[in-house]
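Have a look at run-v3.tsv below; it lists TSV, C-alpha atoms.
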```tsv
chain	number	residue	atom	x	y	z
S	1	MET	CA	-151.48	60.05	140.34
S	2	ILE	CA	-151.93	62.25	137.28
S	3	LYS	CA	-148.55	63.85	137.92
S	4	TYR	CA	-147.00	60.38	138.17
S	5	LEU	CA	-148.59	59.27	134.87
S	6	ARG	CA	-147.36	62.45	133.16
S	7	SER	CA	-143.82	61.67	134.34
S	8	ILE	CA	-144.03	58.17	132.90
S	9	ILE	CA	-145.41	59.44	129.56
S	10	TYR	CA	-142.67	62.10	129.37
S	11	PHE	CA	-140.00	59.49	130.10
S	12	VAL	CA	-141.32	57.07	127.47
S	13	PHE	CA	-141.68	59.84	124.86
S	14	SER	CA	-138.12	61.06	125.52
S	15	ALA	CA	-136.79	57.53	125.19
S	16	LEU	CA	-138.57	57.06	121.88
S	17	LEU	CA	-137.10	60.32	120.54
S	18	LEU	CA	-133.64	59.25	121.64
S	19	ILE	CA	-134.02	55.93	119.81
S	20	ALA	CA	-135.40	57.61	116.67
S	21	TYR	CA	-132.61	60.19	116.31
S	22	SER	CA	-129.60	58.25	117.52
S	23	PRO	CA	-127.47	55.96	115.30
S	24	SER	CA	-128.78	52.47	115.92
S	25	TYR	CA	-126.85	49.25	116.04
S	26	SER	CA	-128.89	47.96	113.11
S	27	ASP	CA	-127.94	51.02	110.99
S	28	GLU	CA	-124.26	50.51	111.80
S	29	LYS	CA	-124.57	46.84	110.98
S	30	TYR	CA	-126.26	47.75	107.69
S	31	GLU	CA	-123.41	50.09	106.76
S	32	SER	CA	-120.78	47.52	107.72
S	33	ASN	CA	-122.49	44.95	105.52
S	34	LYS	CA	-122.07	47.13	102.44
S	35	LYS	CA	-119.28	46.23	100.04
S	36	SER	CA	-116.69	48.97	99.64
S	37	ILE	CA	-115.67	49.42	96.00
S	38	VAL	CA	-113.05	51.67	94.41
S	39	LEU	CA	-114.05	52.61	90.86
S	40	GLY	CA	-111.56	54.07	88.38
S	41	ALA	CA	-112.94	56.89	86.25
S	42	LEU	CA	-112.02	59.51	83.68
S	43	LYS	CA	-113.79	62.86	83.92
S	44	PHE	CA	-115.33	62.30	80.48
S	45	PRO	CA	-118.96	61.88	79.34
S	46	SER	CA	-118.10	58.25	78.51
S	47	HIS	CA	-118.13	57.66	82.29
S	48	ALA	CA	-121.54	59.28	82.75
S	49	ALA	CA	-123.26	56.05	83.82
S	50	SER	CA	-120.98	55.76	86.87
S	51	PHE	CA	-121.59	59.32	88.04
S	52	ILE	CA	-125.36	59.07	87.51
S	53	ALA	CA	-125.56	55.70	89.28
S	54	TYR	CA	-123.68	57.15	92.25
S	55	GLU	CA	-125.67	60.38	92.58
S	56	LYS	CA	-129.06	58.73	92.07
S	57	GLY	CA	-128.34	56.04	94.66
S	58	TYR	CA	-128.28	53.05	92.33
S	59	PHE	CA	-125.03	51.74	93.86
S	60	ASN	CA	-126.45	52.32	97.31
S	61	ASP	CA	-129.57	50.33	96.35
S	62	GLU	CA	-127.26	47.40	95.59
S	63	ASN	CA	-125.50	47.75	98.96
S	64	LEU	CA	-122.29	49.05	97.37
S	65	LEU	CA	-120.19	51.84	98.86
S	66	ILE	CA	-118.43	53.51	95.91
S	67	LYS	CA	-115.31	55.63	96.01
S	68	PHE	CA	-114.05	57.20	92.77
S	69	LYS	CA	-110.39	57.42	91.80
S	70	TYR	CA	-109.67	59.64	88.81
S	71	TYR	CA	-107.13	59.16	86.02
S	72	ASP	CA	-105.98	61.05	82.92
S	73	SER	CA	-105.89	58.13	80.48
S	74	ALA	CA	-106.92	54.53	79.90
S	75	TYR	CA	-103.25	53.59	80.30
S	76	SER	CA	-102.97	54.98	83.84
S	77	MET	CA	-106.30	53.44	84.82
S	78	ALA	CA	-105.17	50.06	83.46
S	79	ASN	CA	-102.07	50.21	85.64
S	80	ALA	CA	-104.21	51.10	88.67
S	81	LEU	CA	-106.41	48.05	88.09
S	82	ILE	CA	-103.38	45.80	87.64
S	83	SER	CA	-101.78	47.11	90.85
S	84	LYS	CA	-105.10	46.65	92.71
S	85	ASP	CA	-105.53	50.35	93.49
S	86	ILE	CA	-109.06	50.06	92.09
S	87	ASP	CA	-111.63	47.25	91.96
S	88	PHE	CA	-113.46	48.18	88.77
S	89	ALA	CA	-112.55	50.14	85.64
S	90	ILE	CA	-114.64	51.30	82.72
S	91	THR	CA	-112.04	51.92	80.09
S	92	ALA	CA	-110.63	51.02	76.71
S	93	ILE	CA	-108.73	47.80	76.10
S	94	THR	CA	-104.98	48.33	76.41
S	95	PRO	CA	-102.01	45.96	75.94
S	96	GLU	CA	-101.30	46.18	79.68
S	97	LEU	CA	-104.80	44.97	80.52
S	98	VAL	CA	-104.59	42.17	77.96
S	99	ASN	CA	-101.24	40.96	79.27
S	100	ASN	CA	-102.72	40.76	82.75
S	101	ALA	CA	-105.77	38.86	81.57
S	102	ILE	CA	-103.87	35.90	80.09
S	103	GLY	CA	-101.42	33.19	81.09
S	104	ALA	CA	-99.55	33.30	84.40
S	105	ASN	CA	-100.57	36.94	84.90
S	106	GLU	CA	-104.26	36.17	84.60
S	107	SER	CA	-105.60	38.60	87.20
S	108	ILE	CA	-108.28	40.69	85.45
S	109	LYS	CA	-111.15	40.11	83.04
S	110	ILE	CA	-113.66	42.01	80.93
S	111	PHE	CA	-117.21	41.40	82.18
S	112	GLY	CA	-119.27	43.81	80.10
S	113	GLY	CA	-119.31	46.44	77.38
S	114	MET	CA	-120.05	50.16	77.65
S	115	LEU	CA	-119.40	52.45	74.69
S	116	LYS	CA	-119.65	51.42	71.03
S	117	GLU	CA	-119.12	53.48	67.91
S	118	ASP	CA	-122.46	54.75	66.64
S	119	GLU	CA	-123.26	56.38	63.29
S	120	LYS	CA	-125.26	59.22	64.84
S	121	ASN	CA	-122.85	59.88	67.70
S	122	SER	CA	-119.41	58.97	66.39
S	123	GLN	CA	-115.98	60.08	67.53
S	124	LEU	CA	-114.45	62.77	65.36
S	125	ILE	CA	-111.26	62.85	63.31
S	126	LEU	CA	-109.83	66.35	63.63
S	127	SER	CA	-107.29	68.35	61.68
S	128	SER	CA	-105.50	71.37	63.13
S	129	THR	CA	-106.57	74.66	61.58
S	130	GLU	CA	-103.16	75.11	59.92
S	131	SER	CA	-103.07	71.55	58.54
S	132	TYR	CA	-106.60	71.99	57.23
S	133	LYS	CA	-105.54	75.12	55.33
S	134	ASN	CA	-102.57	73.20	53.92
S	135	GLY	CA	-104.69	70.39	52.50
S	136	LEU	CA	-105.54	67.97	55.33
S	137	ASN	CA	-109.25	68.50	54.81
S	138	SER	CA	-110.57	64.94	54.44
S	139	ILE	CA	-109.72	61.39	55.47
S	140	LYS	CA	-108.39	60.63	52.00
S	141	ALA	CA	-106.07	63.64	52.25
S	142	PHE	CA	-103.88	61.72	54.74
S	143	LYS	CA	-102.59	59.76	51.75
S	144	ASN	CA	-100.92	62.79	50.17
S	145	TYR	CA	-100.26	64.93	53.24
S	146	ASN	CA	-96.56	64.69	54.16
S	147	ASP	CA	-96.54	66.62	57.44
S	148	THR	CA	-98.91	64.42	59.44
S	149	LEU	CA	-98.24	64.11	63.15
S	150	PHE	CA	-101.02	62.15	64.85
S	151	GLY	CA	-101.34	62.83	68.59
S	152	VAL	CA	-101.89	59.76	70.80
S	153	THR	CA	-101.81	59.23	74.56
S	154	SER	CA	-99.56	56.14	74.46
S	155	LYS	CA	-98.48	53.33	72.19
S	156	GLY	CA	-101.29	50.79	71.99
S	157	SER	CA	-103.90	53.29	73.21
S	158	THR	CA	-107.31	53.78	71.61
S	159	PHE	CA	-105.89	56.90	69.91
S	160	HIS	CA	-103.05	54.82	68.44
S	161	TYR	CA	-105.48	52.11	67.32
S	162	MET	CA	-107.81	54.61	65.63
S	163	ALA	CA	-104.90	56.32	63.84
S	164	TYR	CA	-103.67	52.88	62.72
S	165	LYS	CA	-107.12	51.98	61.33
S	166	ILE	CA	-107.34	55.28	59.43
S	167	TYR	CA	-103.98	54.65	57.78
S	168	GLU	CA	-104.76	50.96	57.18
S	169	SER	CA	-107.98	51.94	55.36
S	170	LEU	CA	-105.88	54.06	52.99
S	171	GLY	CA	-103.19	51.43	52.47
S	172	ILE	CA	-100.54	53.54	54.22
S	173	LYS	CA	-97.93	51.62	56.24
S	174	ASN	CA	-96.00	54.44	57.90
S	175	LEU	CA	-97.82	55.77	60.96
S	176	PRO	CA	-96.36	59.10	62.19
S	177	ILE	CA	-97.67	59.20	65.77
S	178	VAL	CA	-96.56	61.47	68.62
S	179	VAL	CA	-96.98	60.08	72.16
S	180	LEU	CA	-98.29	62.89	74.40
S	181	ASN	CA	-99.50	60.94	77.46
S	182	ASP	CA	-102.91	62.53	78.05
S	183	VAL	CA	-105.88	64.02	76.21
S	184	THR	CA	-105.39	67.55	77.56
S	185	THR	CA	-101.89	67.74	76.10
S	186	ILE	CA	-103.07	66.38	72.73
S	187	LYS	CA	-105.82	69.03	72.61
S	188	GLU	CA	-103.41	71.84	73.44
S	189	LYS	CA	-100.90	70.67	70.83
S	190	LEU	CA	-103.63	70.52	68.17
S	191	LYS	CA	-104.90	73.99	69.10
S	192	LYS	CA	-101.35	75.36	68.72
S	193	ASN	CA	-100.83	73.50	65.40
S	194	ALA	CA	-97.96	71.53	66.96
S	195	ILE	CA	-99.59	68.32	65.69
S	196	SER	CA	-101.76	67.89	62.63
S	197	SER	CA	-104.41	65.39	63.76
S	198	MET	CA	-106.21	63.66	66.60
S	199	THR	CA	-109.33	61.62	67.24
S	200	ILE	CA	-111.68	62.49	70.10
S	201	ILE	CA	-115.21	61.98	71.40
S	202	SER	CA	-117.64	64.36	69.75
S	203	GLY	CA	-118.34	66.41	72.89
S	204	ILE	CA	-114.73	67.54	73.20
S	205	GLY	CA	-114.28	67.69	69.42
S	206	ASN	CA	-117.32	69.89	68.83
S	207	GLU	CA	-116.11	72.28	71.53
S	208	LEU	CA	-112.79	72.69	69.66
S	209	ILE	CA	-114.62	73.15	66.36
S	210	ASP	CA	-117.04	75.73	67.82
S	211	ASN	CA	-114.06	77.70	69.13
S	212	ASN	CA	-112.35	77.56	65.68
S	213	GLU	CA	-109.48	75.60	67.22
S	214	ALA	CA	-109.82	72.52	64.96
S	215	LYS	CA	-111.62	71.20	61.88
S	216	ALA	CA	-113.58	67.96	61.51
S	217	ILE	CA	-112.52	65.87	58.52
S	218	GLY	CA	-114.42	62.65	59.21
S	219	THR	CA	-115.74	60.26	61.86
S	220	ILE	CA	-114.42	57.02	63.30
S	221	PHE	CA	-117.67	55.35	62.25
S	222	ASP	CA	-116.51	55.92	58.66
S	223	ILE	CA	-113.46	53.74	59.43
S	224	ILE	CA	-114.46	51.36	62.27
S	225	PRO	CA	-118.29	51.16	62.25
S	226	ASN	CA	-118.68	48.61	65.05
S	227	TYR	CA	-115.80	49.65	67.28
S	228	GLN	CA	-116.15	48.46	70.91
S	229	ILE	CA	-114.58	51.54	72.47
S	230	THR	CA	-114.84	50.88	76.19
S	231	VAL	CA	-115.56	47.86	78.36
S	232	MET	CA	-115.92	47.03	82.06
S	233	PHE	CA	-112.97	45.34	83.78
S	234	THR	CA	-112.55	43.84	87.22
S	235	SER	CA	-110.24	41.38	88.96
S	236	LYS	CA	-110.49	37.68	88.24
S	237	LYS	CA	-110.51	37.14	92.00
S	238	LEU	CA	-113.66	39.24	92.39
S	239	LEU	CA	-115.32	37.41	89.50
S	240	ASP	CA	-114.41	34.00	90.93
S	241	ASN	CA	-115.23	34.68	94.57
S	242	GLU	CA	-117.80	37.48	94.64
S	243	ARG	CA	-119.71	37.29	91.41
S	244	LYS	CA	-122.82	38.66	93.11
S	245	ILE	CA	-120.94	41.90	93.77
S	246	VAL	CA	-119.99	42.15	90.08
S	247	ASN	CA	-123.62	41.56	89.07
S	248	LYS	CA	-124.79	44.24	91.54
S	249	PHE	CA	-122.25	46.69	90.13
S	250	LYS	CA	-123.38	45.97	86.58
S	251	LYS	CA	-127.05	46.36	87.55
S	252	ALA	CA	-126.41	49.84	88.99
S	253	ILE	CA	-124.33	50.89	85.95
S	254	LYS	CA	-127.12	49.77	83.60
S	255	LYS	CA	-129.57	52.06	85.39
S	256	GLY	CA	-127.15	54.98	85.12
S	257	ALA	CA	-126.67	54.31	81.40
S	258	ARG	CA	-130.44	54.06	80.91
S	259	ASP	CA	-130.98	57.49	82.46
S	260	TYR	CA	-128.22	59.01	80.33
S	261	ASN	CA	-129.58	57.49	77.10
S	262	HIS	CA	-133.14	58.56	77.93
S	263	ALA	CA	-131.99	62.14	78.51
S	264	PHE	CA	-129.58	62.68	75.60
S	265	ILE	CA	-130.01	59.94	72.99
S	266	ASP	CA	-133.63	58.77	72.98
S	267	GLN	CA	-135.18	62.06	74.24
S	268	MET	CA	-137.43	60.14	76.64
S	269	SER	CA	-136.80	62.21	79.79
S	270	SER	CA	-138.85	65.12	81.07
S	271	GLU	CA	-137.13	68.52	81.25
S	272	LYS	CA	-136.83	68.12	85.02
S	273	GLU	CA	-135.21	64.67	84.69
S	274	LYS	CA	-132.85	65.93	81.99
S	275	SER	CA	-131.81	68.95	84.09
S	276	GLU	CA	-131.06	66.61	86.99
S	277	ILE	CA	-128.72	64.55	84.79
S	278	VAL	CA	-127.04	67.71	83.43
S	279	LEU	CA	-126.32	68.91	86.98
S	280	ILE	CA	-124.79	65.54	87.89
S	281	LEU	CA	-122.48	65.52	84.87
S	282	LYS	CA	-121.62	69.20	85.33
S	283	LYS	CA	-120.52	68.41	88.90
S	284	TYR	CA	-118.06	65.71	87.80
S	285	ILE	CA	-117.02	66.71	84.27
S	286	TYR	CA	-117.72	70.42	83.74
S	287	PRO	CA	-117.58	72.07	87.19
S	288	ASN	CA	-116.45	75.44	85.81
S	289	LEU	CA	-119.26	75.79	83.28
S	290	SER	CA	-122.78	77.10	83.73
S	291	GLN	CA	-125.61	74.58	83.54
S	292	GLN	CA	-126.56	75.92	80.09
S	293	GLU	CA	-122.99	75.62	78.78
S	294	ALA	CA	-122.60	72.12	80.20
S	295	GLU	CA	-125.90	70.99	78.69
S	296	LYS	CA	-124.86	72.19	75.23
S	297	ILE	CA	-121.55	70.29	75.36
S	298	ILE	CA	-123.18	67.13	76.75
S	299	GLU	CA	-125.89	67.15	74.07
S	300	ASN	CA	-123.40	67.84	71.25
S	301	GLY	CA	-121.20	64.96	72.36
S	302	ALA	CA	-123.76	62.40	73.49
S	303	MET	CA	-122.88	58.78	72.61
S	304	ARG	CA	-125.08	55.80	73.40
S	305	LEU	CA	-123.95	53.78	76.42
S	306	THR	CA	-124.68	50.08	75.99
S	307	PRO	CA	-123.78	48.00	79.09
S	308	ASN	CA	-126.85	45.83	78.47
S	309	LYS	CA	-125.79	44.85	74.95
S	310	ARG	CA	-123.50	42.01	73.95
S	311	ILE	CA	-119.81	42.84	73.69
S	312	ASN	CA	-118.62	43.06	70.10
S	313	MET	CA	-116.10	40.20	70.19
S	314	ASP	CA	-115.07	40.77	66.54
S	315	SER	CA	-114.06	44.33	67.43
S	316	ILE	CA	-112.04	43.12	70.41
S	317	ASP	CA	-110.32	40.51	68.21
S	318	ASP	CA	-109.39	43.26	65.74
S	319	GLN	CA	-107.89	45.35	68.55
S	320	LEU	CA	-105.93	42.31	69.77
S	321	LYS	CA	-104.57	41.79	66.25
S	322	PHE	CA	-103.38	45.41	66.23
S	323	PHE	CA	-101.60	44.93	69.58
S	324	GLU	CA	-100.01	41.74	68.23
S	325	ASN	CA	-98.81	43.48	65.06
S	326	GLU	CA	-97.24	46.21	67.21
S	327	GLY	CA	-95.47	43.58	69.33
S	328	LEU	CA	-97.37	44.63	72.46
S	329	ILE	CA	-98.98	41.28	73.35
S	330	PRO	CA	-98.19	37.61	72.63
S	331	ASN	CA	-99.39	36.05	69.37
S	332	ASP	CA	-102.80	34.45	68.95
S	333	VAL	CA	-104.63	35.99	71.93
S	334	LYS	CA	-108.40	35.80	71.34
S	335	SER	CA	-111.27	37.83	72.77
S	336	SER	CA	-112.53	34.69	74.53
S	337	ASP	CA	-109.26	34.64	76.52
S	338	ILE	CA	-109.90	38.00	78.17
S	339	VAL	CA	-113.73	38.19	78.38
S	340	SER	CA	-115.62	36.56	81.24
S	341	ASP	CA	-118.80	34.59	80.55
S	342	LEU	CA	-120.70	36.78	83.05
```

Could I get this file's structure written as structure tokens?
Amino acid sequence: MIKYLRSIIYFVFSALLLIAYSPSYSDEKYESNKKSIVLGALKFPSHAASFIAYEKGYFNDENLLIKFKYYDSAYSMANALISKDIDFAITAITPELVNNAIGANESIKIFGGMLKEDEKNSQLILSSTESYKNGLNSIKAFKNYNDTLFGVTSKGSTFHYMAYKIYESLGIKNLPIVVLNDVTTIKEKLKKNAISSMTIISGIGNELIDNNEAKAIGTIFDIIPNYQITVMFTSKKLLDNERKIVNKFKKAIKKGARDYNHAFIDQMSSEKEKSEIVLILKKYIYPNLSQQEAEKIIENGAMRLTPNKRINMDSIDDQLKFFENEGLIPNDVKSSDIVSDL
């Protein structure tokens, strides 16, 4: 009898172990119920909220399965969103995105902000070392410097817009830009004195300055104090039909931005929490650097991420006016035409 009872107990115990350590139908069902999302990203600190939200499980908490697709510029990411290669993009406003957010092409919309120009953590205006020696040593010096070649990624890009605003502030009409397609090429050209100027986020800019490869001559905050640099885009179809998914995405991104700001802007994180964030950003942005080197660059270039703040519609209207003046979008497009009421 005892032997028989032992056999039953062994059988039941084995069955329970099998259930506990085997994939269950409910787990599979849970996974299948998650929404698969492709998120466009640049390997820049401005995309920190996405990487943090992914690694810390904030997307997972919202039942979202995230896959990253990486791009070299806002222009290429805009085209990926338009062609439906990605579902969400955190990027700058480009003419391509605007033209696909209005009229018959109305297929995408802005549903939130991300990065704004901030006095303490502004983007830098750089001069090449040779141009600096030859007199391009301040913003005002652009007015009398005849050999200016401003590096931009593409016509209508954020780099083009910032160069335009610098020249506009000085009353200069001619804008000598050089289209170089991506940030890496612009950096290399500046380092080799093949161009005279560029604008860049402070993390990258300070690295060039520390290596004596460029000189800072001002900040974008000096020129465009309330510049809405990046925003969150998605398809109009997703906004119309699956708004809950968009809200879940935004909720996860807000948590990632909160952790980033606490660690590098507001100094509210413990050393352990801060180290955790550094390791996440090192993994995605600075894989070839040591943790100490990555932390220095991240801290030097930290800019406040603000997905929970209202979008600066005046800034977007100013960018739209620039696109219009350049003949890149139709006349009279307003921020309200391209921003969702989410």

Query - Which residue of S:Ser122, S:Asn137, S:Asn174, S:Asn308 approaches Gly203 in chain S most closely, using all atoms listed in the file - result: S:Ser122

Report task. Can you work out the spacing between CA of Ala53 in chain S and CA of Ser340 in chain S in Å, to one decimal? Result ->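 Calculated distance between CA of Ala53 in chain S and CA of Ser340 in chain S is 23.0 Å.
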
Query raised in the report: Within 12 Å of (-119.3, 60.3, 84.6), only C-alpha atoms: residues as a VMD selection string?
Result: chain S and resid 39 to 55 68 to 70 90 to 91 253 256 to 257 260 277 to 286 298 305

Query raised in the report: What is the distance between CA of Pro176 in chain S and CA of Ile93 in chain S, in Å to one decimal?
Result: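 Those two atoms sit 21.8 Å apart.
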
Query raised in the report: Can you tell me how far CA of Glu273 in chain S sits from CA of Met232 in chain S, in Å to one decimal?
Result: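 Interatomic distance, CA of Glu273 in chain S to CA of Met232 in chain S: 26.3 Å.
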
Query raised in the report: Taking all atoms listed in the file into account, which of S:Ser128, S:Ser270, S:Ser83, S:Asn247 comes nearest Lys187 in chain S?
Result: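 Checking each candidate against Lys187 in chain S, we get S:Ser128 as the closest.
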
Just so I have it separately, write range 64-74 of chain S from the block I sent, keeping all heavy atoms, as a PDB file, in the first residue's frame.
```
ATOM      1  N   LEU S  64       3.659  45.252 -25.539  1.00  0.00           N
ATOM      2  CA  LEU S  64       4.181  45.616 -26.855  1.00  0.00           C
ATOM      3  C   LEU S  64       5.483  44.867 -27.114  1.00  0.00           C
ATOM      4  O   LEU S  64       6.389  44.860 -26.276  1.00  0.00           O
ATOM      5  CB  LEU S  64       4.440  47.123 -26.936  1.00  0.00           C
ATOM      6  CG  LEU S  64       3.247  48.055 -26.725  1.00  0.00           C
ATOM      7  CD1 LEU S  64       3.709  49.515 -26.755  1.00  0.00           C
ATOM      8  CD2 LEU S  64       2.167  47.821 -27.765  1.00  0.00           C
ATOM      9  N   LEU S  65       5.566  44.223 -28.266  1.00  0.00           N
ATOM     10  CA  LEU S  65       6.793  43.562 -28.699  1.00  0.00           C
ATOM     11  C   LEU S  65       7.520  44.507 -29.657  1.00  0.00           C
ATOM     12  O   LEU S  65       7.047  44.752 -30.762  1.00  0.00           O
ATOM     13  CB  LEU S  65       6.479  42.247 -29.408  1.00  0.00           C
ATOM     14  CG  LEU S  65       5.979  41.100 -28.527  1.00  0.00           C
ATOM     15  CD1 LEU S  65       5.540  39.936 -29.396  1.00  0.00           C
ATOM     16  CD2 LEU S  65       7.051  40.650 -27.544  1.00  0.00           C
ATOM     17  N   ILE S  66       8.661  45.040 -29.225  1.00  0.00           N
ATOM     18  CA  ILE S  66       9.368  46.066 -29.990  1.00  0.00           C
ATOM     19  C   ILE S  66      10.542  45.472 -30.757  1.00  0.00           C
ATOM     20  O   ILE S  66      11.336  44.704 -30.220  1.00  0.00           O
ATOM     21  CB  ILE S  66       9.882  47.184 -29.054  1.00  0.00           C
ATOM     22  CG1 ILE S  66       8.717  47.905 -28.373  1.00  0.00           C
ATOM     23  CG2 ILE S  66      10.755  48.179 -29.819  1.00  0.00           C
ATOM     24  CD1 ILE S  66       7.845  48.721 -29.283  1.00  0.00           C
ATOM     25  N   LYS S  67      10.639  45.868 -32.016  1.00  0.00           N
ATOM     26  CA  LYS S  67      11.820  45.563 -32.820  1.00  0.00           C
ATOM     27  C   LYS S  67      12.373  46.878 -33.341  1.00  0.00           C
ATOM     28  O   LYS S  67      11.632  47.690 -33.903  1.00  0.00           O
ATOM     29  CB  LYS S  67      11.457  44.653 -33.997  1.00  0.00           C
ATOM     30  CG  LYS S  67      12.649  44.341 -34.901  1.00  0.00           C
ATOM     31  CD  LYS S  67      12.229  43.529 -36.122  1.00  0.00           C
ATOM     32  CE  LYS S  67      13.428  43.316 -37.048  1.00  0.00           C
ATOM     33  NZ  LYS S  67      13.048  42.589 -38.289  1.00  0.00           N
ATOM     34  N   PHE S  68      13.673  47.124 -33.135  1.00  0.00           N
ATOM     35  CA  PHE S  68      14.299  48.356 -33.608  1.00  0.00           C
ATOM     36  C   PHE S  68      14.791  48.201 -35.048  1.00  0.00           C
ATOM     37  O   PHE S  68      15.305  47.150 -35.427  1.00  0.00           O
ATOM     38  CB  PHE S  68      15.494  48.729 -32.726  1.00  0.00           C
ATOM     39  CG  PHE S  68      15.136  49.216 -31.363  1.00  0.00           C
ATOM     40  CD1 PHE S  68      15.411  48.450 -30.238  1.00  0.00           C
ATOM     41  CD2 PHE S  68      14.518  50.442 -31.187  1.00  0.00           C
ATOM     42  CE1 PHE S  68      15.085  48.894 -28.972  1.00  0.00           C
ATOM     43  CE2 PHE S  68      14.181  50.904 -29.922  1.00  0.00           C
ATOM     44  CZ  PHE S  68      14.465  50.123 -28.818  1.00  0.00           C
ATOM     45  N   LYS S  69      14.638  49.283 -35.815  1.00  0.00           N
ATOM     46  CA  LYS S  69      15.272  49.399 -37.126  1.00  0.00           C
ATOM     47  C   LYS S  69      16.066  50.688 -37.105  1.00  0.00           C
ATOM     48  O   LYS S  69      15.536  51.751 -36.763  1.00  0.00           O
ATOM     49  CB  LYS S  69      14.221  49.440 -38.246  1.00  0.00           C
ATOM     50  CG  LYS S  69      13.906  48.092 -38.842  1.00  0.00           C
ATOM     51  CD  LYS S  69      13.164  48.234 -40.161  1.00  0.00           C
ATOM     52  CE  LYS S  69      13.519  47.098 -41.084  1.00  0.00           C
ATOM     53  NZ  LYS S  69      12.854  47.211 -42.388  1.00  0.00           N
ATOM     54  N   TYR S  70      17.345  50.606 -37.488  1.00  0.00           N
ATOM     55  CA  TYR S  70      18.237  51.750 -37.322  1.00  0.00           C
ATOM     56  C   TYR S  70      18.484  52.482 -38.633  1.00  0.00           C
ATOM     57  O   TYR S  70      18.558  51.868 -39.699  1.00  0.00           O
ATOM     58  CB  TYR S  70      19.565  51.282 -36.727  1.00  0.00           C
ATOM     59  CG  TYR S  70      19.398  50.652 -35.373  1.00  0.00           C
ATOM     60  CD1 TYR S  70      19.500  49.269 -35.211  1.00  0.00           C
ATOM     61  CD2 TYR S  70      19.097  51.429 -34.261  1.00  0.00           C
ATOM     62  CE1 TYR S  70      19.318  48.684 -33.967  1.00  0.00           C
ATOM     63  CE2 TYR S  70      18.914  50.853 -33.023  1.00  0.00           C
ATOM     64  CZ  TYR S  70      19.024  49.486 -32.878  1.00  0.00           C
ATOM     65  OH  TYR S  70      18.840  48.899 -31.645  1.00  0.00           O
ATOM     66  N   TYR S  71      18.630  53.819 -38.505  1.00  0.00           N
ATOM     67  CA  TYR S  71      18.829  54.680 -39.671  1.00  0.00           C
ATOM     68  C   TYR S  71      19.939  55.676 -39.380  1.00  0.00           C
ATOM     69  O   TYR S  71      20.323  55.894 -38.226  1.00  0.00           O
ATOM     70  CB  TYR S  71      17.520  55.392 -40.022  1.00  0.00           C
ATOM     71  CG  TYR S  71      16.434  54.399 -40.374  1.00  0.00           C
ATOM     72  CD1 TYR S  71      15.578  53.892 -39.395  1.00  0.00           C
ATOM     73  CD2 TYR S  71      16.292  53.934 -41.675  1.00  0.00           C
ATOM     74  CE1 TYR S  71      14.614  52.951 -39.710  1.00  0.00           C
ATOM     75  CE2 TYR S  71      15.326  52.996 -42.007  1.00  0.00           C
ATOM     76  CZ  TYR S  71      14.495  52.503 -41.016  1.00  0.00           C
ATOM     77  OH  TYR S  71      13.549  51.558 -41.333  1.00  0.00           O
ATOM     78  N   ASP S  72      20.448  56.307 -40.450  1.00  0.00           N
ATOM     79  CA  ASP S  72      21.567  57.243 -40.325  1.00  0.00           C
ATOM     80  C   ASP S  72      21.126  58.701 -40.255  1.00  0.00           C
ATOM     81  O   ASP S  72      21.933  59.573 -39.951  1.00  0.00           O
ATOM     82  CB  ASP S  72      22.529  57.086 -41.512  1.00  0.00           C
ATOM     83  CG  ASP S  72      23.216  55.740 -41.516  1.00  0.00           C
ATOM     84  OD1 ASP S  72      23.527  55.245 -40.419  1.00  0.00           O
ATOM     85  OD2 ASP S  72      23.437  55.176 -42.599  1.00  0.00           O
ATOM     86  N   SER S  73      19.852  58.965 -40.572  1.00  0.00           N
ATOM     87  CA  SER S  73      19.381  60.353 -40.583  1.00  0.00           C
ATOM     88  C   SER S  73      17.867  60.397 -40.429  1.00  0.00           C
ATOM     89  O   SER S  73      17.179  59.383 -40.631  1.00  0.00           O
ATOM     90  CB  SER S  73      19.770  61.037 -41.900  1.00  0.00           C
ATOM     91  OG  SER S  73      19.058  60.448 -42.981  1.00  0.00           O
ATOM     92  N   ALA S  74      17.375  61.584 -40.080  1.00  0.00           N
ATOM     93  CA  ALA S  74      15.929  61.783 -39.979  1.00  0.00           C
ATOM     94  C   ALA S  74      15.267  61.576 -41.335  1.00  0.00           C
ATOM     95  O   ALA S  74      14.140  61.066 -41.427  1.00  0.00           O
ATOM     96  CB  ALA S  74      15.636  63.189 -39.455  1.00  0.00           C
TER      97      ALA S  74
END
```
